[in-house]
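First comes the structure, then the notes that go with it.
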Amino acid sequence: MALDFELLRKEYLEAIAQQAVDEYWVPDFGENLIRVLPPRDGKLFYKKVGVHFKLVGSGMEYCPRITEGLACPVCEVVDQLKRLRTPVAMQLVSRLAVVERFLMNIIPLKEGEEKSIKQYLAPKTVRLALLKTVLDPDYGDITDLERGRNVVIEKIQSSGGFVNYTVRVKPREISIREILGRELYMEEIPDLHEFVSRRLKGYDELKSILYGGDEELGVEGLLERYVRDGALEEE
């Protein structure tokens, strides 16, 4: 019996996509205890980024338009697809549209797991809740290495398949030294701007990923590609 190469290709693409997502910390459903770390530049503890999560053959890629104010071929295609207004075009819009996230350095504090620095692509609701806490004089800088506080992020599956988050900051101040059992130096904390710049694709490279190396496909050809790869339902 011959191998099913189409199925193998689909499995390979899904594995590549998952590999891109696995680089980042993702909260489990229920309560997750973390420590948000301070910024290397002493300014914001997060970096606003745009993310395209579901590119066939790549998975997650940073959006140059939202992340750095540069031209983005994926966003350009999304703009064209919106003008087509066909059901399958709108499916692809939903799949490719940029999602706003806030990248931050954290230490997950799950019991029994090694405590190390991870990156978290936080949604708007989490960023807003953290900002509100930091600006509250009763809490202040919860990222401070000596007098900061741990944070509980609760991930909740709501009706309709949507995911909601609640954020609760622990009242007790606790040093990173107590958490890790050693000092944590600022030089050990990744610079978020450098972290993103190393992973941000250029315009031509991102366009090649989008079209699977065949930039002559055009929008109609791109629709056919995503239907063929099983990413969309043909109407």
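For the structure tokens, the naming scheme is as follows: chains receive sequential letters (A, B, ...) according to their order of presentation, residues are indexed from 1 within each chain, and ligands are indexed from 1 in presentation order.
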
Per-residue nearest contacts segment 87-168 of chain A to segment 185-204 of chain A, cut-off 12 Å, using only C-alpha atoms, as a tab-separated table:
```
residue	atom	partner	partner_atom	distance
A:Phe102	CA	A:Leu192	CA	10.4
A:Leu103	CA	A:Leu192	CA	7.4
A:Met104	CA	A:Leu192	CA	7.3
A:Asn105	CA	A:Pro190	CA	7.4
A:Ile106	CA	A:Ile189	CA	9.3
A:Ile107	CA	A:Ile189	CA	10.5
A:Ser116	CA	A:Ile189	CA	10.4
A:Ile117	CA	A:Ile189	CA	7.5
A:Lys118	CA	A:Pro190	CA	9.3
A:Gln119	CA	A:Leu192	CA	8.9
A:Tyr120	CA	A:Leu192	CA	10.9
A:Leu121	CA	A:Leu192	CA	11.4
A:Thr143	CA	A:Met186	CA	11.9
A:Asp144	CA	A:Met186	CA	10.9
A:Leu145	CA	A:Tyr185	CA	9.0
A:Glu146	CA	A:Tyr185	CA	11.4
```

Who sits within 12 Å of Val134 of chain A, only C-alpha atoms, same chain under 5 positions skipped, as a list in words: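 Listing them by chain and then by number gives Val36, Pro38, Leu44, Phe45, Arg127, Leu128, Ala129, Tyr139, Gly140, Asp141, Ile142, Thr143, Asp144, Gly148, Arg149, Val151 and Val169 of chain A.
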
Selected residue of minimal separation from Val126 of chain A among A:Ile209, A:Met60, A:Leu109, A:Val167, counting only C-alpha atoms: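 Going through A:Ile209, A:Met60, A:Leu109, A:Val167 one by one, the smallest distance to Val126 of chain A is for A:Val167.
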
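Closest to Cys63 of chain A among A:Arg95, A:Arg101, A:Lys82, A:Arg168 is A:Arg101, based on only C-alpha atoms.
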
Minimum-distance residue to Pro108 of chain A, chosen among A:Gly161, A:Gly57, A:Gly69, A:Pro27 (using only C-alpha atoms):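 Distance minimum relative to Pro108 of chain A lands on A:Pro27.
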
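Straight-line separation from atom CA of Val219 of chain A to atom CA of Val77 of chain A: 6.9 Å.
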
Counting only C-alpha atoms, the residue of A:Arg65, A:Arg182, A:Lys155, A:Arg83 that sits nearest Val51 of chain A: A:Arg65

Residue list (strand (DSSP E), DSSP) for segment 89-201 of chain A, as a VMD selection string: chain A and resid 99 to 108 118 to 122 151 to 157 163 to 169

Distance of atom CA of Thr166 of chain A from atom CA of Lys124 of chain A, expressed in Å to one decimal place: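 Atom CA of Lys124 of chain A sits 11.5 Å away from atom CA of Thr166 of chain A.
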
Among the residues A:Arg225, A:Ser159, A:Ala97, A:Leu210, the one that comes closest to Asp79 of chain A [using only C-alpha atoms]: A:Ala97

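Between Asp138 of chain A and the residues A:Gly181, A:Arg172, A:Ser208, A:Glu68, the shortest atom-to-atom distance, using only C-alpha atoms, involves A:Arg172.
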
Interatomic distance, atom CA of Val26 of chain A to atom CA of Ile179 of chain A (Å, one decimal): 20.3 Å

I'd like a table as JSON lines: residues in segment 6-104 of chain A with an atom no more than 12 Å from segment 162-165 of chain A, each row giving the shortest atom pair and its distance in Å to one decimal, only C-alpha atoms counted, sorted by chain and rising residue number.
```
{"residue": "A:Pro27", "atom": "CA", "partner": "A:Tyr165", "partner_atom": "CA", "distance": 9.9}
{"residue": "A:Asp28", "atom": "CA", "partner": "A:Tyr165", "partner_atom": "CA", "distance": 11.0}
{"residue": "A:Phe29", "atom": "CA", "partner": "A:Val163", "partner_atom": "CA", "distance": 9.2}
{"residue": "A:Gly30", "atom": "CA", "partner": "A:Tyr165", "partner_atom": "CA", "distance": 9.4}
{"residue": "A:Glu31", "atom": "CA", "partner": "A:Tyr165", "partner_atom": "CA", "distance": 9.7}
{"residue": "A:Asn32", "atom": "CA", "partner": "A:Tyr165", "partner_atom": "CA", "distance": 10.7}
```

Atoms to include: N, CA and C atoms. Write the selected residues as a compact mmCIF listing (two decimals), in the first residue's frame.
```txt
# COMPACT_ATOMS: atom_id res chain seq x y z
N PRO A 27 -1.10 29.71 29.12
CA PRO A 27 -1.74 29.30 30.37
C PRO A 27 -2.66 28.11 30.18
N ASP A 28 -2.68 27.23 31.19
CA ASP A 28 -3.63 26.13 31.20
C ASP A 28 -5.01 26.67 31.59
N PHE A 29 -6.05 25.89 31.30
CA PHE A 29 -7.37 26.26 31.81
C PHE A 29 -7.36 26.12 33.33
N GLY A 30 -8.00 27.06 33.99
CA GLY A 30 -7.95 27.13 35.44
C GLY A 30 -6.95 28.19 35.88
N GLU A 31 -6.46 28.09 37.11
CA GLU A 31 -5.57 29.10 37.67
C GLU A 31 -4.10 28.80 37.34
N ASN A 32 -3.37 29.86 36.98
CA ASN A 32 -1.95 29.77 36.65
C ASN A 32 -1.21 30.84 37.46
```

Near-Ser94 of chain A list (10 Å; only C-alpha atoms; drop same-chain fewer than 3 positions) as a PyMOL selection string: chain A and resi 54+78+82+88-91+97-98

How would the residues just picked look written out with C-alpha atoms as a tab-separated table (two decimals), in the first residue's frame?
```
chain	number	residue	atom	x	y	z
A	54	LYS	CA	-2.46	30.40	11.33
A	78	VAL	CA	-6.60	40.45	4.24
A	82	LYS	CA	-12.47	41.79	2.71
A	88	VAL	CA	-14.71	31.46	1.60
A	89	ALA	CA	-12.84	34.78	1.41
A	90	MET	CA	-14.23	35.76	4.81
A	91	GLN	CA	-13.14	32.39	6.21
A	97	ALA	CA	-6.32	38.59	10.32
A	98	VAL	CA	-3.79	40.06	12.70
```

DSSP alpha helix (DSSP H) residues within segment 6-106 of chain A, listed as a count of residues only: 44
